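Here is the file coords01.cif (mmCIF, N, CA and C atoms).
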data_run
#
loop_
_atom_site.label_atom_id
_atom_site.label_comp_id
_atom_site.auth_asym_id
_atom_site.auth_seq_id
_atom_site.Cartn_x
_atom_site.Cartn_y
_atom_site.Cartn_z
N MET P 1 7.94 -13.01 -26.02
CA MET P 1 7.45 -12.08 -25.04
C MET P 1 7.82 -12.57 -23.65
N SER P 2 8.37 -11.71 -22.82
CA SER P 2 8.77 -12.11 -21.48
C SER P 2 7.54 -12.12 -20.57
N PRO P 3 7.58 -12.93 -19.50
CA PRO P 3 6.44 -13.02 -18.60
C PRO P 3 6.22 -11.71 -17.85
N LEU P 4 4.97 -11.46 -17.49
CA LEU P 4 4.65 -10.27 -16.70
C LEU P 4 5.17 -10.44 -15.29
N ARG P 5 5.62 -9.35 -14.72
CA ARG P 5 6.15 -9.38 -13.35
C ARG P 5 5.48 -8.31 -12.52
N ALA P 6 5.32 -8.61 -11.25
CA ALA P 6 4.79 -7.63 -10.31
C ALA P 6 5.87 -6.57 -10.07
N VAL P 7 5.45 -5.38 -9.71
CA VAL P 7 6.39 -4.30 -9.40
C VAL P 7 6.41 -4.13 -7.88
N ASP P 8 7.62 -4.17 -7.31
CA ASP P 8 7.77 -3.99 -5.87
C ASP P 8 7.57 -2.53 -5.50
N GLY P 9 7.48 -2.27 -4.21
CA GLY P 9 7.26 -0.92 -3.71
C GLY P 9 8.31 0.08 -4.14
N ASP P 10 9.53 -0.40 -4.35
CA ASP P 10 10.61 0.51 -4.75
C ASP P 10 10.69 0.69 -6.27
N GLY P 11 9.74 0.08 -7.00
CA GLY P 11 9.72 0.23 -8.45
C GLY P 11 10.47 -0.85 -9.20
N SER P 12 11.19 -1.71 -8.48
CA SER P 12 11.92 -2.78 -9.15
C SER P 12 10.97 -3.93 -9.49
N LEU P 13 11.37 -4.74 -10.46
CA LEU P 13 10.55 -5.87 -10.86
C LEU P 13 10.59 -6.95 -9.79
N GLY P 14 9.43 -7.46 -9.45
CA GLY P 14 9.32 -8.51 -8.44
C GLY P 14 9.14 -9.87 -9.08
N ARG P 15 8.34 -10.70 -8.43
CA ARG P 15 8.11 -12.06 -8.90
C ARG P 15 7.26 -12.10 -10.16
N GLU P 16 7.41 -13.18 -10.90
CA GLU P 16 6.60 -13.42 -12.10
C GLU P 16 5.15 -13.65 -11.68
N ILE P 17 4.20 -13.10 -12.41
CA ILE P 17 2.78 -13.28 -12.11
C ILE P 17 2.34 -14.61 -12.72
N PRO P 18 1.78 -15.52 -11.89
CA PRO P 18 1.36 -16.83 -12.41
C PRO P 18 0.28 -16.68 -13.48
N PRO P 19 0.29 -17.56 -14.49
CA PRO P 19 -0.71 -17.51 -15.56
C PRO P 19 -2.14 -17.62 -15.04
N GLU P 20 -2.35 -18.37 -13.95
CA GLU P 20 -3.69 -18.52 -13.39
C GLU P 20 -4.22 -17.18 -12.89
N VAL P 21 -3.34 -16.38 -12.32
CA VAL P 21 -3.74 -15.06 -11.81
C VAL P 21 -4.11 -14.15 -12.98
N LEU P 22 -3.36 -14.23 -14.05
CA LEU P 22 -3.65 -13.42 -15.23
C LEU P 22 -4.98 -13.83 -15.85
N ARG P 23 -5.24 -15.15 -15.91
CA ARG P 23 -6.52 -15.63 -16.44
C ARG P 23 -7.68 -15.14 -15.60
N PHE P 24 -7.54 -15.21 -14.27
CA PHE P 24 -8.60 -14.76 -13.37
C PHE P 24 -8.84 -13.27 -13.54
N ALA P 25 -7.78 -12.49 -13.64
CA ALA P 25 -7.90 -11.04 -13.78
C ALA P 25 -8.55 -10.66 -15.11
N ALA P 26 -8.39 -11.50 -16.13
CA ALA P 26 -8.95 -11.19 -17.45
C ALA P 26 -10.43 -11.57 -17.56
N MET P 27 -10.94 -12.31 -16.58
CA MET P 27 -12.36 -12.72 -16.63
C MET P 27 -13.27 -11.53 -16.38
N PRO P 28 -14.49 -11.60 -16.92
CA PRO P 28 -15.48 -10.56 -16.58
C PRO P 28 -15.75 -10.56 -15.07
N ALA P 29 -16.07 -9.41 -14.53
CA ALA P 29 -16.28 -9.26 -13.08
C ALA P 29 -17.33 -10.23 -12.56
N GLU P 30 -18.40 -10.45 -13.31
CA GLU P 30 -19.48 -11.34 -12.87
C GLU P 30 -18.96 -12.77 -12.71
N GLN P 31 -18.10 -13.21 -13.62
CA GLN P 31 -17.55 -14.56 -13.54
C GLN P 31 -16.58 -14.69 -12.37
N ARG P 32 -15.78 -13.66 -12.13
CA ARG P 32 -14.87 -13.68 -10.97
C ARG P 32 -15.67 -13.75 -9.68
N LYS P 33 -16.76 -12.99 -9.60
CA LYS P 33 -17.61 -12.98 -8.40
C LYS P 33 -18.20 -14.37 -8.16
N LEU P 34 -18.66 -15.04 -9.22
CA LEU P 34 -19.22 -16.38 -9.10
C LEU P 34 -18.16 -17.36 -8.59
N LEU P 35 -16.98 -17.32 -9.16
CA LEU P 35 -15.91 -18.23 -8.74
C LEU P 35 -15.52 -18.00 -7.29
N LEU P 36 -15.47 -16.76 -6.87
CA LEU P 36 -15.15 -16.47 -5.47
C LEU P 36 -16.27 -16.96 -4.54
N HIS P 37 -17.52 -16.84 -4.99
CA HIS P 37 -18.65 -17.33 -4.20
C HIS P 37 -18.57 -18.85 -4.05
N VAL P 38 -18.28 -19.55 -5.13
CA VAL P 38 -18.14 -21.01 -5.07
C VAL P 38 -16.97 -21.38 -4.16
N HIS P 39 -15.89 -20.65 -4.26
CA HIS P 39 -14.73 -20.89 -3.39
C HIS P 39 -15.13 -20.76 -1.92
N ASP P 40 -15.89 -19.74 -1.59
CA ASP P 40 -16.34 -19.54 -0.21
C ASP P 40 -17.25 -20.68 0.24
N LEU P 41 -18.14 -21.14 -0.65
CA LEU P 41 -19.02 -22.25 -0.32
C LEU P 41 -18.22 -23.53 -0.04
N LEU P 42 -17.23 -23.79 -0.87
CA LEU P 42 -16.40 -24.98 -0.69
C LEU P 42 -15.65 -24.96 0.63
N GLY P 43 -15.24 -23.77 1.04
CA GLY P 43 -14.52 -23.65 2.29
C GLY P 43 -15.42 -23.72 3.51
N GLY P 44 -16.72 -23.61 3.31
CA GLY P 44 -17.65 -23.57 4.44
C GLY P 44 -18.32 -24.88 4.78
N ILE P 45 -18.11 -25.92 3.98
CA ILE P 45 -18.74 -27.20 4.28
C ILE P 45 -17.67 -28.29 4.32
N ALA P 46 -17.84 -29.21 5.28
CA ALA P 46 -16.88 -30.31 5.40
C ALA P 46 -17.31 -31.51 4.57
N TYR P 47 -18.62 -31.80 4.56
CA TYR P 47 -19.16 -32.91 3.80
C TYR P 47 -20.41 -32.42 3.08
N GLY P 48 -20.55 -32.69 1.82
CA GLY P 48 -21.74 -32.28 1.10
C GLY P 48 -21.44 -32.05 -0.37
N THR P 49 -22.31 -31.28 -1.01
CA THR P 49 -22.16 -31.02 -2.43
C THR P 49 -22.41 -29.55 -2.74
N VAL P 50 -21.77 -29.12 -3.81
CA VAL P 50 -22.04 -27.81 -4.40
C VAL P 50 -22.36 -28.10 -5.86
N VAL P 51 -23.55 -27.69 -6.31
CA VAL P 51 -24.01 -27.98 -7.67
C VAL P 51 -24.23 -26.66 -8.40
N LEU P 52 -23.66 -26.55 -9.59
CA LEU P 52 -23.90 -25.40 -10.45
C LEU P 52 -24.93 -25.82 -11.48
N VAL P 53 -26.03 -25.08 -11.57
CA VAL P 53 -27.07 -25.36 -12.55
C VAL P 53 -26.89 -24.39 -13.71
N LEU P 54 -26.76 -24.94 -14.92
CA LEU P 54 -26.52 -24.14 -16.10
C LEU P 54 -27.73 -24.14 -17.02
N GLN P 55 -27.91 -23.02 -17.70
CA GLN P 55 -28.93 -22.91 -18.75
C GLN P 55 -28.32 -22.09 -19.87
N ASP P 56 -28.32 -22.62 -21.06
CA ASP P 56 -27.70 -21.96 -22.22
C ASP P 56 -26.24 -21.59 -21.95
N GLY P 57 -25.54 -22.47 -21.23
CA GLY P 57 -24.12 -22.27 -20.97
C GLY P 57 -23.80 -21.25 -19.89
N LYS P 58 -24.81 -20.79 -19.16
CA LYS P 58 -24.60 -19.81 -18.09
C LYS P 58 -25.12 -20.37 -16.77
N VAL P 59 -24.40 -20.08 -15.70
CA VAL P 59 -24.82 -20.51 -14.38
C VAL P 59 -26.04 -19.69 -13.97
N ILE P 60 -27.13 -20.39 -13.66
CA ILE P 60 -28.34 -19.69 -13.25
C ILE P 60 -28.68 -19.96 -11.78
N GLN P 61 -28.02 -20.96 -11.20
CA GLN P 61 -28.34 -21.33 -9.82
C GLN P 61 -27.17 -22.07 -9.21
N VAL P 62 -26.96 -21.85 -7.92
CA VAL P 62 -25.95 -22.58 -7.15
C VAL P 62 -26.67 -23.25 -6.00
N GLU P 63 -26.52 -24.57 -5.90
CA GLU P 63 -27.17 -25.33 -4.84
C GLU P 63 -26.11 -25.93 -3.93
N THR P 64 -26.34 -25.90 -2.63
CA THR P 64 -25.44 -26.57 -1.69
C THR P 64 -26.24 -27.51 -0.82
N SER P 65 -25.60 -28.58 -0.46
CA SER P 65 -26.18 -29.56 0.45
C SER P 65 -25.08 -29.97 1.41
N GLU P 66 -25.34 -29.81 2.70
CA GLU P 66 -24.32 -30.16 3.68
C GLU P 66 -24.75 -31.39 4.44
N LYS P 67 -23.83 -32.32 4.63
CA LYS P 67 -24.07 -33.51 5.42
C LYS P 67 -23.36 -33.31 6.75
N ILE P 68 -24.05 -33.65 7.80
CA ILE P 68 -23.46 -33.53 9.14
C ILE P 68 -23.20 -34.94 9.65
N ARG P 69 -21.96 -35.23 9.94
CA ARG P 69 -21.57 -36.55 10.43
C ARG P 69 -21.73 -36.59 11.95
N LEU P 70 -22.52 -37.53 12.41
CA LEU P 70 -22.71 -37.72 13.84
C LEU P 70 -21.72 -38.77 14.32
N LYS P 71 -21.07 -38.49 15.42
CA LYS P 71 -20.06 -39.43 15.91
C LYS P 71 -20.66 -40.45 16.83
#
Would you mind writing the file out in structure tokens?
Amino acid sequence: MSPLRAVDGDGSLGREIPPEVLRFAAMPAEQRKLLLHVHDLLGGIAYGTVVLVLQDGKVIQVETSEKIRLK
């Protein structure tokens, strides 16, 4: 099977779609939303932690702790 490719505006085949993009697109919407939320949290803190709390294999809570470095 050949790799999936994006279609350009003129209808011609464009670049190959990376496997990571296909995996993300195949995830349930709720899981994609969680991953994007974690991504946003990671981008918003310079020093600290992001903790995912799981129960029965599902994320039930996201905790963040930010450390502020004083110069």
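Secondary structure by DSSP on the backbone puts the following residues of chain P in strand (DSSP E): Arg5, Ala6, Val7, Leu13, Gly14, Arg15, Glu16, Gly48, Thr49, Val50, Val51, Leu52, Val53, Leu54, Gln55, Lys58, Val59, Ile60, Gln61, Val62, Glu63, Thr64, Ser65 and Glu66 of chain P.
Running DSSP on the backbone gives alpha helix (DSSP H) for these residues within chain P: P:Pro19, P:Glu20, P:Val21, P:Leu22, P:Arg23, P:Phe24, P:Ala25, P:Ala26, P:Ala29, P:Glu30, P:Gln31, P:Arg32, P:Lys33, P:Leu34, P:Leu35, P:Leu36, P:His37, P:Val38, P:His39, P:Asp40, P:Leu41, P:Leu42, P:Gly43, P:Gly44.
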Quick one: apply the PyMOL selection byres (((chain P and resi 62 and name CA) around 7) and name CA) to the file and drop the selected residues here as a PDB file with N, CA and C atoms, keeping the file's coordinate frame.
ATOM      1  N   VAL P  51     -23.550 -27.690  -6.310  1.00  0.00           N
ATOM      2  CA  VAL P  51     -24.010 -27.980  -7.670  1.00  0.00           C
ATOM      3  C   VAL P  51     -24.230 -26.660  -8.400  1.00  0.00           C
ATOM      4  N   LEU P  52     -23.660 -26.550  -9.590  1.00  0.00           N
ATOM      5  CA  LEU P  52     -23.900 -25.400 -10.450  1.00  0.00           C
ATOM      6  C   LEU P  52     -24.930 -25.820 -11.480  1.00  0.00           C
ATOM      7  N   VAL P  53     -26.030 -25.080 -11.570  1.00  0.00           N
ATOM      8  CA  VAL P  53     -27.070 -25.360 -12.550  1.00  0.00           C
ATOM      9  C   VAL P  53     -26.890 -24.390 -13.710  1.00  0.00           C
ATOM     10  N   GLN P  61     -28.020 -20.960 -11.200  1.00  0.00           N
ATOM     11  CA  GLN P  61     -28.340 -21.330  -9.820  1.00  0.00           C
ATOM     12  C   GLN P  61     -27.170 -22.070  -9.210  1.00  0.00           C
ATOM     13  N   GLU P  63     -26.520 -24.570  -5.900  1.00  0.00           N
ATOM     14  CA  GLU P  63     -27.170 -25.330  -4.840  1.00  0.00           C
ATOM     15  C   GLU P  63     -26.110 -25.930  -3.930  1.00  0.00           C
ATOM     16  N   THR P  64     -26.340 -25.900  -2.630  1.00  0.00           N
ATOM     17  CA  THR P  64     -25.440 -26.570  -1.690  1.00  0.00           C
ATOM     18  C   THR P  64     -26.240 -27.510  -0.820  1.00  0.00           C
TER      19      THR P  64
END
Box centre and edge lengths (Å, one decimal), axis-aligned, stretch 41-47 of chain P plus 6 Å each side, as JSON:
{"center_x": -17.5, "center_y": -27.0, "center_z": 2.3, "size_x": 17.9, "size_y": 23.8, "size_z": 18.3}
Using the chain letters and numbers from the file, give me the residues hit by the PyMOL selection byres ((chain P and resi 66) around 7), as a ChimeraX atom specification.
/P:45-49,64-65,67-68
Go ahead and write the residues just picked, N, CA and C atoms, as a PDB file, in the frame of the given file.
ATOM      1  N   ILE P  45     -18.110 -25.920   3.980  1.00  0.00           N
ATOM      2  CA  ILE P  45     -18.740 -27.200   4.280  1.00  0.00           C
ATOM      3  C   ILE P  45     -17.670 -28.290   4.320  1.00  0.00           C
ATOM      4  N   ALA P  46     -17.840 -29.210   5.280  1.00  0.00           N
ATOM      5  CA  ALA P  46     -16.880 -30.310   5.400  1.00  0.00           C
ATOM      6  C   ALA P  46     -17.310 -31.510   4.570  1.00  0.00           C
ATOM      7  N   TYR P  47     -18.620 -31.800   4.560  1.00  0.00           N
ATOM      8  CA  TYR P  47     -19.160 -32.910   3.800  1.00  0.00           C
ATOM      9  C   TYR P  47     -20.410 -32.420   3.080  1.00  0.00           C
ATOM     10  N   GLY P  48     -20.550 -32.690   1.820  1.00  0.00           N
ATOM     11  CA  GLY P  48     -21.740 -32.280   1.100  1.00  0.00           C
ATOM     12  C   GLY P  48     -21.440 -32.050  -0.370  1.00  0.00           C
ATOM     13  N   THR P  49     -22.310 -31.280  -1.010  1.00  0.00           N
ATOM     14  CA  THR P  49     -22.160 -31.020  -2.430  1.00  0.00           C
ATOM     15  C   THR P  49     -22.410 -29.550  -2.740  1.00  0.00           C
ATOM     16  N   THR P  64     -26.340 -25.900  -2.630  1.00  0.00           N
ATOM     17  CA  THR P  64     -25.440 -26.570  -1.690  1.00  0.00           C
ATOM     18  C   THR P  64     -26.240 -27.510  -0.820  1.00  0.00           C
ATOM     19  N   SER P  65     -25.600 -28.580  -0.460  1.00  0.00           N
ATOM     20  CA  SER P  65     -26.180 -29.560   0.450  1.00  0.00           C
ATOM     21  C   SER P  65     -25.080 -29.970   1.410  1.00  0.00           C
ATOM     22  N   LYS P  67     -23.830 -32.320   4.630  1.00  0.00           N
ATOM     23  CA  LYS P  67     -24.070 -33.510   5.420  1.00  0.00           C
ATOM     24  C   LYS P  67     -23.360 -33.310   6.750  1.00  0.00           C
ATOM     25  N   ILE P  68     -24.050 -33.650   7.800  1.00  0.00           N
ATOM     26  CA  ILE P  68     -23.460 -33.530   9.140  1.00  0.00           C
ATOM     27  C   ILE P  68     -23.200 -34.940   9.650  1.00  0.00           C
TER      28      ILE P  68
END
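Across the model, the gap from atom C of P:Glu16 to atom C of P:Lys33 is 23.6 Å.
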If I take atom CA of P:Ile17 and atom CA of P:Arg5, how far is one from the other in Å, to one decimal?
5.3 Å
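Taking all atoms listed in the file into account, P:Val38 lies nearest to P:Val50 out of the set P:Val21, P:Val50, P:Gln55, P:Val7.
Put simply, atom CA of P:Glu20 is 18.3 Å away from atom CA of P:Asp40.
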